file target.cif (mmCIF, C-alpha atoms)
data_work
loop_
_atom_site.label_atom_id
_atom_site.label_comp_id
_atom_site.auth_asym_id
_atom_site.auth_seq_id
_atom_site.Cartn_x
_atom_site.Cartn_y
_atom_site.Cartn_z
CA MET G 294 -16.44 -10.02 25.85
CA ARG G 295 -16.65 -12.07 22.66
CA ALA G 296 -20.00 -12.54 21.03
CA SER G 297 -19.82 -16.32 21.43
CA SER G 298 -19.30 -15.83 25.18
CA ILE G 299 -22.37 -13.61 25.30
CA VAL G 300 -24.41 -16.23 23.48
CA SER G 301 -23.16 -18.93 25.84
CA THR G 302 -24.04 -16.80 28.85
CA VAL G 303 -27.53 -16.01 27.53
CA LEU G 304 -28.15 -19.67 26.71
CA SER G 305 -26.93 -20.74 30.16
CA VAL G 306 -29.26 -18.27 31.89
CA LEU G 307 -32.16 -19.42 29.75
CA LEU G 308 -31.37 -23.08 30.47
CA VAL G 309 -31.28 -22.47 34.22
CA ALA G 310 -34.51 -20.49 34.02
CA GLY G 311 -36.09 -23.23 31.93
CA VAL G 312 -35.03 -25.99 34.34
CA ALA G 313 -36.26 -23.98 37.31
CA GLY G 314 -39.57 -23.44 35.57
CA CYS G 315 -39.98 -27.08 34.61
CA GLY G 316 -42.79 -28.66 36.42
CA LYS G 317 -46.29 -29.79 35.94
CA ARG G 318 -48.04 -27.28 33.75
CA ASP G 319 -51.63 -26.56 34.46
CA GLU G 320 -53.95 -25.61 31.67
CA ALA G 321 -54.69 -22.34 33.40
CA MET G 322 -51.52 -20.36 33.87
CA GLY G 323 -51.42 -17.48 36.26
CA PRO G 324 -50.11 -14.03 35.39
CA ALA G 325 -46.63 -14.76 36.78
CA GLN G 326 -46.41 -17.96 34.76
CA LYS G 327 -47.53 -16.15 31.62
CA ALA G 328 -44.94 -13.45 32.24
CA GLY G 329 -42.28 -16.11 32.83
CA GLN G 330 -43.23 -17.85 29.62
CA ALA G 331 -43.08 -14.54 27.74
CA VAL G 332 -39.59 -13.89 29.19
CA ASP G 333 -38.51 -17.41 28.20
CA ASN G 334 -39.85 -16.96 24.67
CA ALA G 335 -38.21 -13.56 24.33
CA GLY G 336 -34.91 -14.96 25.61
CA ASP G 337 -35.09 -17.82 23.13
CA LYS G 338 -35.77 -15.41 20.29
CA VAL G 339 -32.87 -13.15 21.31
CA ALA G 340 -30.54 -16.15 21.55
CA ARG G 341 -31.61 -17.37 18.08
CA ASP G 342 -31.19 -13.88 16.61
CA ILE G 343 -27.74 -13.48 18.14
CA GLN G 344 -26.65 -16.91 16.92
CA ASP G 345 -27.96 -16.13 13.43
CA LYS G 346 -26.03 -12.86 13.35
CA LEU G 347 -22.90 -14.58 14.61
CA ASP G 348 -23.21 -17.25 11.93
CA ARG G 349 -23.58 -14.58 9.24
CA ALA G 350 -20.64 -12.61 10.62
CA ASN G 351 -18.46 -15.74 10.70
CA ALA G 352 -19.45 -16.58 7.12
CA ALA G 353 -18.58 -13.04 6.02
CA ALA G 354 -15.24 -13.26 7.84
CA ARG G 355 -14.44 -16.56 6.10
CA GLN G 356 -15.36 -14.99 2.76
CA VAL G 357 -13.08 -11.99 3.39
CA ALA G 358 -10.24 -14.29 4.46
CA ASP G 359 -10.66 -16.42 1.33
CA SER G 360 -10.74 -13.33 -0.87
CA ALA G 361 -7.63 -11.94 0.80
CA SER G 362 -5.83 -15.24 0.30
CA GLN G 363 -6.75 -15.33 -3.37
CA THR G 364 -5.61 -11.73 -3.82
CA LYS G 365 -2.31 -12.52 -2.08
CA ASP G 366 -1.77 -15.46 -4.43
CA LYS G 367 -2.52 -13.31 -7.48
CA ILE G 368 -0.08 -10.65 -6.31
CA ALA G 369 2.59 -13.28 -5.69
CA ASP G 370 2.07 -14.71 -9.18
CA ALA G 371 2.15 -11.27 -10.80
CA THR G 372 5.29 -10.33 -8.88
CA ALA G 373 7.02 -13.54 -9.90
CA ASP G 374 6.04 -12.98 -13.54
CA ALA G 375 7.24 -9.36 -13.43
CA ALA G 376 10.55 -10.42 -11.88
CA ALA G 377 11.03 -13.09 -14.55
CA ASP G 378 10.23 -10.57 -17.30
CA ALA G 379 12.64 -8.04 -15.80
CA SER G 380 15.35 -10.68 -15.60
CA LYS G 381 14.84 -11.63 -19.23
CA GLY G 382 14.94 -7.96 -20.23
CA LEU G 383 18.15 -7.43 -18.28
CA ASP G 384 19.74 -10.50 -19.88
CA LYS G 385 18.76 -9.25 -23.34
CA ALA G 386 20.09 -5.76 -22.64
CA THR G 387 23.36 -7.20 -21.34
CA GLU G 388 23.69 -9.31 -24.47
CA GLU G 389 23.04 -6.29 -26.71
CA VAL G 390 25.63 -4.20 -24.86
CA GLY G 391 28.12 -7.06 -25.21
CA LYS G 392 27.53 -7.20 -28.98
CA LYS G 393 28.01 -3.44 -29.33
CA VAL G 394 31.22 -3.54 -27.33
CA GLU G 395 32.43 -6.43 -29.50
CA ARG G 396 31.62 -4.48 -32.70
CA ALA G 397 33.38 -1.41 -31.33
CA GLY G 398 36.42 -3.56 -30.57
CA GLU G 399 36.39 -4.94 -34.10
CA LYS G 400 36.22 -1.44 -35.55
CA ILE G 401 39.14 -0.35 -33.40
CA GLN G 402 41.17 -3.35 -34.60
CA GLU G 403 40.31 -2.60 -38.25
CA ALA G 404 41.27 1.02 -37.82
CA ALA G 405 44.55 0.00 -36.23
CA LYS G 406 45.40 -2.23 -39.20
CA LYS G 407 45.09 0.65 -41.66
#

call {"tool": "encode", "arguments": {"input": "target.cif", "output": "C-alpha cells"}}
result
Amino acid sequence: MRASSIVSTVLSVLLVAGVAGCGKRDEAMGPAQKAGQAVDNAGDKVARDIQDKLDRANAAARQVADSASQTKDKIADATADAAADASKGLDKATEEVGKKVERAGEKIQEAAKK
C-alpha cells in the first residue's frame, strides 16, 4: 500500500471518529471521553508526522530526479564534445595520410624520371 493511501486511510478514520465524537462538550469529561480525546490527539499527531515524512521523502525524490537529469545532460554534452573531437582528429589524420601518400607518389614519379 502506498504511503499516501495509508495517510488517507488514517485521516479518514480520524475524521469519522471526530465526527462521531462531535457533540456538546461538558466541562467535566469522563474517563472514556478523556481516553477518546487522547486517542484523537495521538491519531492527529501520527497523521501529521506521517505527512511530514512523506513531504520530506517527496522533496528528496524530486532532488534526486533533478540531480539525475542534470547528470544525464552533462554526460550527453561530454559525449557530444568527445564525438566532435574524435571526428576532428579522424579528419586531421586522414588529411595527413593523404599528404604522405601524395608525397610518396611524387617521389615515385621523380624516381621514374631519372

call {"tool": "atom_distance", "arguments": {"input": "target.cif", "atom1": "CA of Lys407 (chain G)", "atom2": "CA of Val390 (chain G)"}}
result
26.2 Å

call {"tool": "atom_distance", "arguments": {"input": "target.cif", "atom1": "CA of Ala371 (chain G)", "atom2": "CA of Ala386 (chain G)"}}
result
22.2 Å

call {"tool": "atom_distance", "arguments": {"input": "target.cif", "atom1": "CA of Asp345 (chain G)", "atom2": "CA of Thr302 (chain G)"}}
result
15.9 Å
